[in-house]
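Q: Below is a structure I'd like to ask you about.
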Amino acid sequence: MCPACGEPLHRDDDAFACDRGHRHPIVDGIPRFVATEAYAASFGFEWNRHRQTQLDSRTGRSDSRDTFAARMGLGRSDLDGRLVLDAGTGVGRFAEVAAGLGGRVVAVDLSRAVDLAAENLGDQALVAQADVFRLPFADGTFDVVFSIGVLHHTPDPSAGLAALARVVRPGGTVAVSVYERAAWYRMADLYRVLTTRLDRRTLYRLSRGLARLHAIHRLPVVGRAVRFLVPVSGHPVYDWRVLDTFNWYAPRYQSKHTFAEVVGWFRALGFEAIETRRPSVAVRGRRPMNAAGESAAPGLSRIAGETTPVGETAPPVPASPA
């Protein structure tokens with residue numbers, strides 16, 4: 001549907017168009033529902049330098065599969081044959097995992113990383129450039145919606161979750177993970193006052209240098225002190241450390257959250273069967289069925305205004321970081 005007005009879209013030559021005159025171009029085979037990268041420009045920059053750094057299919061590692069399983073708790077039984085949305089796909093690392101588990105994947109991102117995602121994913125997913133707050137999909141379209149490490153980089157993470165909730169069908173699942181509020185982030189946040197204002201190329205060069213502190217970080221006493229004073233990625237692969245370090249210091253928005261806070265977002269939207277997972281703050285919930293106890297057809301129900309009570313209580317919220 002048209003993200004500008006909510007009307008149905010139809011294919012019109014090299015664009016998708018609605019009857020109200022809004023046109024959304026298809027460029028290089030990718031539908032574009034935004035005009036710019038907006039606040040996500042740093043991600044377009046980093047992914048163009050790390051096109052395959054985190055893709056399991058290219059690295060021979062299982063980092064992305066392991067992260068997906070740990071944070072989302074979704075397996076083949078949850079995804080096989082289901083219509084799945086990856087909200088904030090980057091270069092497609094988790095979309096690739098979801099497709100490998102049998103999901104029929106649609107992957108969206110606000111940044112120009114979508115070009116790389118389309119190249120990496122091939123026919124494993126449909127890729128579009130879109131804003132999570134104005135998704136070009138009808139209400140209740142997807143069986144499963146997931147978003148890993150994305151909402152905390154938006155101006156309003158709770159509103160972002162509500163936008164995801166709108167496009168999942170009644171009885172469907174939404175799973176997200178965001179940064180956890182923790183003491184060790186304080187030094188990094190002080191540096192971010194400066195790093196978010198640096199030229200991206202300068203910050204990237206700095207990130208490459210900081211990533212070489214890994215050998216010092218591994219020392220028993222000095223390493224712990226240096227890690228606190230100069231927080232950088234601890235991943236064993238150098239290029240991955242560079243990417244993660246830049247990813248930490250560059251984005252315009254970067255909020256941190258508690259389990260209680262994120263679970264509260266899910267409860268406010270009426271979700272049930274809420275589960276919490278680690279690492280990070282990972283939360284999953286099920287959108288309630290309609291009043292008849294059946295799954296409503298896509299496009300017939302909107303999460304806003306629903307009054308279905310939460311049917312199950314979330315597990316105890318962890319009191320402190322892992």
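Chain labels A, B, ... are given in the sequence in which chains occur in the structure tokens; within each chain residues are numbered consecutively from 1, and ligands are likewise numbered from 1 in the order shown.
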Would you kindly return, as a ChimeraX atom specification, each protein, DNA or RNA residue with an atom no farther than 7 Å from any atom of region 182-191 of chain A, considering only C-alpha atoms and excluding same-chain residues fewer than 2 positions away?
A: /A:180,193-195,228-229,231,321
Q: For the residues in that selection, give me all heavy atoms as a PDB file, in the first residue's frame.
A:
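File produced: result.pdb:
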ATOM      1  N   GLU A 180      20.851  -2.776  25.512  1.00  0.00           N
ATOM      2  CA  GLU A 180      20.481  -2.751  26.926  1.00  0.00           C
ATOM      3  C   GLU A 180      21.149  -1.578  27.631  1.00  0.00           C
ATOM      4  O   GLU A 180      22.287  -1.228  27.345  1.00  0.00           O
ATOM      5  CB  GLU A 180      20.902  -4.054  27.598  1.00  0.00           C
ATOM      6  CG  GLU A 180      20.446  -4.156  29.042  1.00  0.00           C
ATOM      7  CD  GLU A 180      20.657  -5.552  29.609  1.00  0.00           C
ATOM      8  OE1 GLU A 180      21.370  -6.351  28.967  1.00  0.00           O
ATOM      9  OE2 GLU A 180      20.106  -5.832  30.687  1.00  0.00           O
ATOM     10  N   VAL A 193      29.255  12.123  21.714  1.00  0.00           N
ATOM     11  CA  VAL A 193      28.983  13.550  21.557  1.00  0.00           C
ATOM     12  C   VAL A 193      29.871  14.128  20.457  1.00  0.00           C
ATOM     13  O   VAL A 193      29.461  14.997  19.684  1.00  0.00           O
ATOM     14  CB  VAL A 193      29.222  14.283  22.895  1.00  0.00           C
ATOM     15  CG1 VAL A 193      29.078  15.794  22.703  1.00  0.00           C
ATOM     16  CG2 VAL A 193      28.244  13.779  23.954  1.00  0.00           C
ATOM     17  N   LEU A 194      31.095  13.615  20.369  1.00  0.00           N
ATOM     18  CA  LEU A 194      32.030  14.051  19.330  1.00  0.00           C
ATOM     19  C   LEU A 194      31.934  13.202  18.073  1.00  0.00           C
ATOM     20  O   LEU A 194      31.871  13.739  16.957  1.00  0.00           O
ATOM     21  CB  LEU A 194      33.462  13.993  19.862  1.00  0.00           C
ATOM     22  CG  LEU A 194      34.589  14.230  18.838  1.00  0.00           C
ATOM     23  CD1 LEU A 194      34.495  15.639  18.266  1.00  0.00           C
ATOM     24  CD2 LEU A 194      35.951  13.988  19.484  1.00  0.00           C
ATOM     25  N   THR A 195      31.921  11.870  18.227  1.00  0.00           N
ATOM     26  CA  THR A 195      32.035  11.000  17.055  1.00  0.00           C
ATOM     27  C   THR A 195      30.860  11.137  16.094  1.00  0.00           C
ATOM     28  O   THR A 195      31.033  10.965  14.887  1.00  0.00           O
ATOM     29  CB  THR A 195      32.170   9.531  17.483  1.00  0.00           C
ATOM     30  OG1 THR A 195      31.010   9.134  18.243  1.00  0.00           O
ATOM     31  CG2 THR A 195      33.428   9.321  18.325  1.00  0.00           C
ATOM     32  N   PHE A 228      37.009  -0.385  29.472  1.00  0.00           N
ATOM     33  CA  PHE A 228      36.069   0.567  30.063  1.00  0.00           C
ATOM     34  C   PHE A 228      36.318   1.983  29.547  1.00  0.00           C
ATOM     35  O   PHE A 228      35.386   2.709  29.211  1.00  0.00           O
ATOM     36  CB  PHE A 228      36.170   0.547  31.590  1.00  0.00           C
ATOM     37  CG  PHE A 228      35.274   1.546  32.263  1.00  0.00           C
ATOM     38  CD1 PHE A 228      33.916   1.291  32.417  1.00  0.00           C
ATOM     39  CD2 PHE A 228      35.782   2.763  32.712  1.00  0.00           C
ATOM     40  CE1 PHE A 228      33.077   2.231  33.026  1.00  0.00           C
ATOM     41  CE2 PHE A 228      34.947   3.708  33.317  1.00  0.00           C
ATOM     42  CZ  PHE A 228      33.592   3.428  33.475  1.00  0.00           C
ATOM     43  N   LEU A 229      37.590   2.362  29.464  1.00  0.00           N
ATOM     44  CA  LEU A 229      37.935   3.722  29.055  1.00  0.00           C
ATOM     45  C   LEU A 229      37.750   3.952  27.559  1.00  0.00           C
ATOM     46  O   LEU A 229      37.378   5.045  27.130  1.00  0.00           O
ATOM     47  CB  LEU A 229      39.381   4.038  29.447  1.00  0.00           C
ATOM     48  CG  LEU A 229      39.661   4.129  30.950  1.00  0.00           C
ATOM     49  CD1 LEU A 229      41.157   4.261  31.211  1.00  0.00           C
ATOM     50  CD2 LEU A 229      38.907   5.308  31.559  1.00  0.00           C
ATOM     51  N   PRO A 231      35.752   1.877  24.902  1.00  0.00           N
ATOM     52  CA  PRO A 231      34.923   0.741  24.497  1.00  0.00           C
ATOM     53  C   PRO A 231      34.941   0.535  22.982  1.00  0.00           C
ATOM     54  O   PRO A 231      34.625   1.450  22.216  1.00  0.00           O
ATOM     55  CB  PRO A 231      33.512   1.139  24.963  1.00  0.00           C
ATOM     56  CG  PRO A 231      33.722   2.246  25.944  1.00  0.00           C
ATOM     57  CD  PRO A 231      34.954   2.955  25.495  1.00  0.00           C
ATOM     58  N   PRO A 321      22.028  -6.691  33.846  1.00  0.00           N
ATOM     59  CA  PRO A 321      22.597  -7.194  32.592  1.00  0.00           C
ATOM     60  C   PRO A 321      23.318  -8.513  32.800  1.00  0.00           C
ATOM     61  O   PRO A 321      23.837  -8.807  33.882  1.00  0.00           O
ATOM     62  CB  PRO A 321      23.587  -6.089  32.195  1.00  0.00           C
ATOM     63  CG  PRO A 321      23.148  -4.878  32.931  1.00  0.00           C
ATOM     64  CD  PRO A 321      22.568  -5.388  34.220  1.00  0.00           C
TER      65      PRO A 321
END
Q: Can you tell me, as a PDB file with all heavy atoms, in the first residue's frame, which residues in region 132-168 of chain A count as strand (DSSP E or B) by DSSP?
A:
ATOM      1  N   PHE A 142       1.932  -9.774   7.438  1.00  0.00           N
ATOM      2  CA  PHE A 142       2.977 -10.768   7.697  1.00  0.00           C
ATOM      3  C   PHE A 142       2.631 -11.727   8.834  1.00  0.00           C
ATOM      4  O   PHE A 142       1.937 -11.370   9.783  1.00  0.00           O
ATOM      5  CB  PHE A 142       4.301 -10.061   8.011  1.00  0.00           C
ATOM      6  CG  PHE A 142       4.832  -9.250   6.869  1.00  0.00           C
ATOM      7  CD1 PHE A 142       4.544  -7.894   6.768  1.00  0.00           C
ATOM      8  CD2 PHE A 142       5.590  -9.838   5.869  1.00  0.00           C
ATOM      9  CE1 PHE A 142       5.014  -7.146   5.708  1.00  0.00           C
ATOM     10  CE2 PHE A 142       6.064  -9.104   4.793  1.00  0.00           C
ATOM     11  CZ  PHE A 142       5.780  -7.749   4.712  1.00  0.00           C
ATOM     12  N   ASP A 143       3.164 -12.937   8.713  1.00  0.00           N
ATOM     13  CA  ASP A 143       3.027 -13.926   9.786  1.00  0.00           C
ATOM     14  C   ASP A 143       4.033 -13.658  10.898  1.00  0.00           C
ATOM     15  O   ASP A 143       3.742 -13.861  12.076  1.00  0.00           O
ATOM     16  CB  ASP A 143       3.261 -15.343   9.240  1.00  0.00           C
ATOM     17  CG  ASP A 143       2.264 -15.722   8.166  1.00  0.00           C
ATOM     18  OD1 ASP A 143       1.057 -15.692   8.457  1.00  0.00           O
ATOM     19  OD2 ASP A 143       2.698 -16.026   7.038  1.00  0.00           O
ATOM     20  N   VAL A 144       5.229 -13.233  10.512  1.00  0.00           N
ATOM     21  CA  VAL A 144       6.302 -12.971  11.463  1.00  0.00           C
ATOM     22  C   VAL A 144       7.016 -11.686  11.048  1.00  0.00           C
ATOM     23  O   VAL A 144       7.306 -11.484   9.866  1.00  0.00           O
ATOM     24  CB  VAL A 144       7.329 -14.130  11.506  1.00  0.00           C
ATOM     25  CG1 VAL A 144       8.473 -13.802  12.468  1.00  0.00           C
ATOM     26  CG2 VAL A 144       6.663 -15.437  11.887  1.00  0.00           C
ATOM     27  N   VAL A 145       7.280 -10.828  12.032  1.00  0.00           N
ATOM     28  CA  VAL A 145       8.075  -9.619  11.809  1.00  0.00           C
ATOM     29  C   VAL A 145       9.213  -9.628  12.821  1.00  0.00           C
ATOM     30  O   VAL A 145       8.979  -9.826  14.015  1.00  0.00           O
ATOM     31  CB  VAL A 145       7.229  -8.341  11.998  1.00  0.00           C
ATOM     32  CG1 VAL A 145       8.113  -7.102  11.875  1.00  0.00           C
ATOM     33  CG2 VAL A 145       6.092  -8.293  10.987  1.00  0.00           C
ATOM     34  N   PHE A 146      10.442  -9.439  12.348  1.00  0.00           N
ATOM     35  CA  PHE A 146      11.557  -9.341  13.285  1.00  0.00           C
ATOM     36  C   PHE A 146      12.434  -8.151  12.937  1.00  0.00           C
ATOM     37  O   PHE A 146      12.487  -7.702  11.780  1.00  0.00           O
ATOM     38  CB  PHE A 146      12.380 -10.639  13.323  1.00  0.00           C
ATOM     39  CG  PHE A 146      13.210 -10.917  12.099  1.00  0.00           C
ATOM     40  CD1 PHE A 146      14.488 -10.374  11.961  1.00  0.00           C
ATOM     41  CD2 PHE A 146      12.721 -11.729  11.082  1.00  0.00           C
ATOM     42  CE1 PHE A 146      15.259 -10.638  10.838  1.00  0.00           C
ATOM     43  CE2 PHE A 146      13.483 -12.004   9.949  1.00  0.00           C
ATOM     44  CZ  PHE A 146      14.760 -11.451   9.829  1.00  0.00           C
ATOM     45  N   SER A 147      13.115  -7.635  13.963  1.00  0.00           N
ATOM     46  CA  SER A 147      14.002  -6.483  13.780  1.00  0.00           C
ATOM     47  C   SER A 147      15.109  -6.591  14.814  1.00  0.00           C
ATOM     48  O   SER A 147      14.856  -6.517  16.021  1.00  0.00           O
ATOM     49  CB  SER A 147      13.222  -5.177  13.971  1.00  0.00           C
ATOM     50  OG  SER A 147      14.056  -4.055  13.760  1.00  0.00           O
ATOM     51  N   ILE A 148      16.339  -6.771  14.351  1.00  0.00           N
ATOM     52  CA  ILE A 148      17.476  -6.999  15.241  1.00  0.00           C
ATOM     53  C   ILE A 148      18.427  -5.805  15.197  1.00  0.00           C
ATOM     54  O   ILE A 148      19.005  -5.496  14.162  1.00  0.00           O
ATOM     55  CB  ILE A 148      18.228  -8.284  14.855  1.00  0.00           C
ATOM     56  CG1 ILE A 148      17.275  -9.488  14.880  1.00  0.00           C
ATOM     57  CG2 ILE A 148      19.415  -8.515  15.781  1.00  0.00           C
ATOM     58  CD1 ILE A 148      17.924 -10.793  14.460  1.00  0.00           C
ATOM     59  N   VAL A 168       1.727  -7.040  11.225  1.00  0.00           N
ATOM     60  CA  VAL A 168       1.689  -8.468  11.534  1.00  0.00           C
ATOM     61  C   VAL A 168       0.229  -8.888  11.712  1.00  0.00           C
ATOM     62  O   VAL A 168      -0.583  -8.140  12.248  1.00  0.00           O
ATOM     63  CB  VAL A 168       2.522  -8.808  12.790  1.00  0.00           C
ATOM     64  CG1 VAL A 168       1.832  -8.337  14.069  1.00  0.00           C
ATOM     65  CG2 VAL A 168       2.813 -10.297  12.865  1.00  0.00           C
TER      66      VAL A 168
END
Q: Select, from A:Lys256, A:His153, A:Arg134, A:Arg76, the residue with the minimum atom-to-atom distance to Val34 (chain A), counting only C-alpha atoms.
A: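 Distance minimum relative to Val34 (chain A) lands on A:Arg134.
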Q: Excluding Ala211 (chain A) and its own-chain neighbours fewer than 2 positions away, which residues fall within 10 Å of it when counting only C-alpha atoms? Please give them as a PyMOL selection string.
A: chain A and resi 206-209+213-215+231-235+237-246
Q: State, in Å with one decimal place, the distance from CA of Pro288 (chain A) to CA of Val176 (chain A).
A: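 Atom-to-atom, CA of Pro288 (chain A) to CA of Val176 (chain A), that is 17.3 Å.
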Q: What are the closest atom pairs, with distances in Å to one decimal, for each residue of region 82-135 of chain A lying within 6 Å of region 44-47 of chain A, using only C-alpha atoms, rows by chain and rising residue number, as CSV?
A:
residue,atom,partner,partner_atom,distance
A:Ser111,CA,A:Gly44,CA,5.1
A:Arg112,CA,A:Gly44,CA,5.1
A:Ala113,CA,A:Gly44,CA,5.1
Q: So that I have them on file, write out the residues from the current selection with all heavy atoms, as a CSV table (one decimal), in the first residue's frame.
A:
chain,number,residue,atom,x,y,z
A,111,SER,N,18.3,2.7,4.5
A,111,SER,CA,19.6,3.1,3.8
A,111,SER,C,19.8,2.5,2.4
A,111,SER,O,19.1,1.6,2.1
A,111,SER,CB,20.8,2.8,4.7
A,111,SER,OG,21.1,1.4,4.6
A,112,ARG,N,20.8,3.0,1.8
A,112,ARG,CA,21.1,2.5,0.4
A,112,ARG,C,21.8,1.1,0.5
A,112,ARG,O,22.2,0.5,-0.5
A,112,ARG,CB,22.0,3.4,-0.3
A,112,ARG,CG,23.3,3.8,0.4
A,112,ARG,CD,24.0,5.0,-0.2
A,112,ARG,NE,25.1,5.5,0.5
A,112,ARG,CZ,26.4,5.2,0.2
A,112,ARG,NH1,26.7,4.5,-0.8
A,112,ARG,NH2,27.4,5.7,1.0
A,113,ALA,N,21.9,0.5,1.7
A,113,ALA,CA,22.3,-0.9,1.9
A,113,ALA,C,21.4,-1.8,1.2
A,113,ALA,O,21.8,-3.0,0.9
A,113,ALA,CB,22.4,-1.2,3.4
Q: Give me the residues within 10 Å of Thr67 (chain A) as a list in words, counting only C-alpha atoms and dropping any in the same chain fewer than 6 places off.
A: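 The residues that qualify are Gly73, Phe94, Val97, Ile148, Arg278 and Pro279 of chain A.
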Q: Considering only C-alpha atoms, can you say which of A:Pro236, A:Ser57, A:Phe43, A:Ala17 comes closest to Arg218 (chain A)?
A: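 Answer, going by the shortest atom-to-atom distance: A:Pro236.
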Q: Suppose you want the space between CA of Arg23 (chain A) and CA of Gly6 (chain A); what is it in Å?
A: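 So the two atoms, CA of Arg23 (chain A) and CA of Gly6 (chain A), lie 12.7 Å apart.
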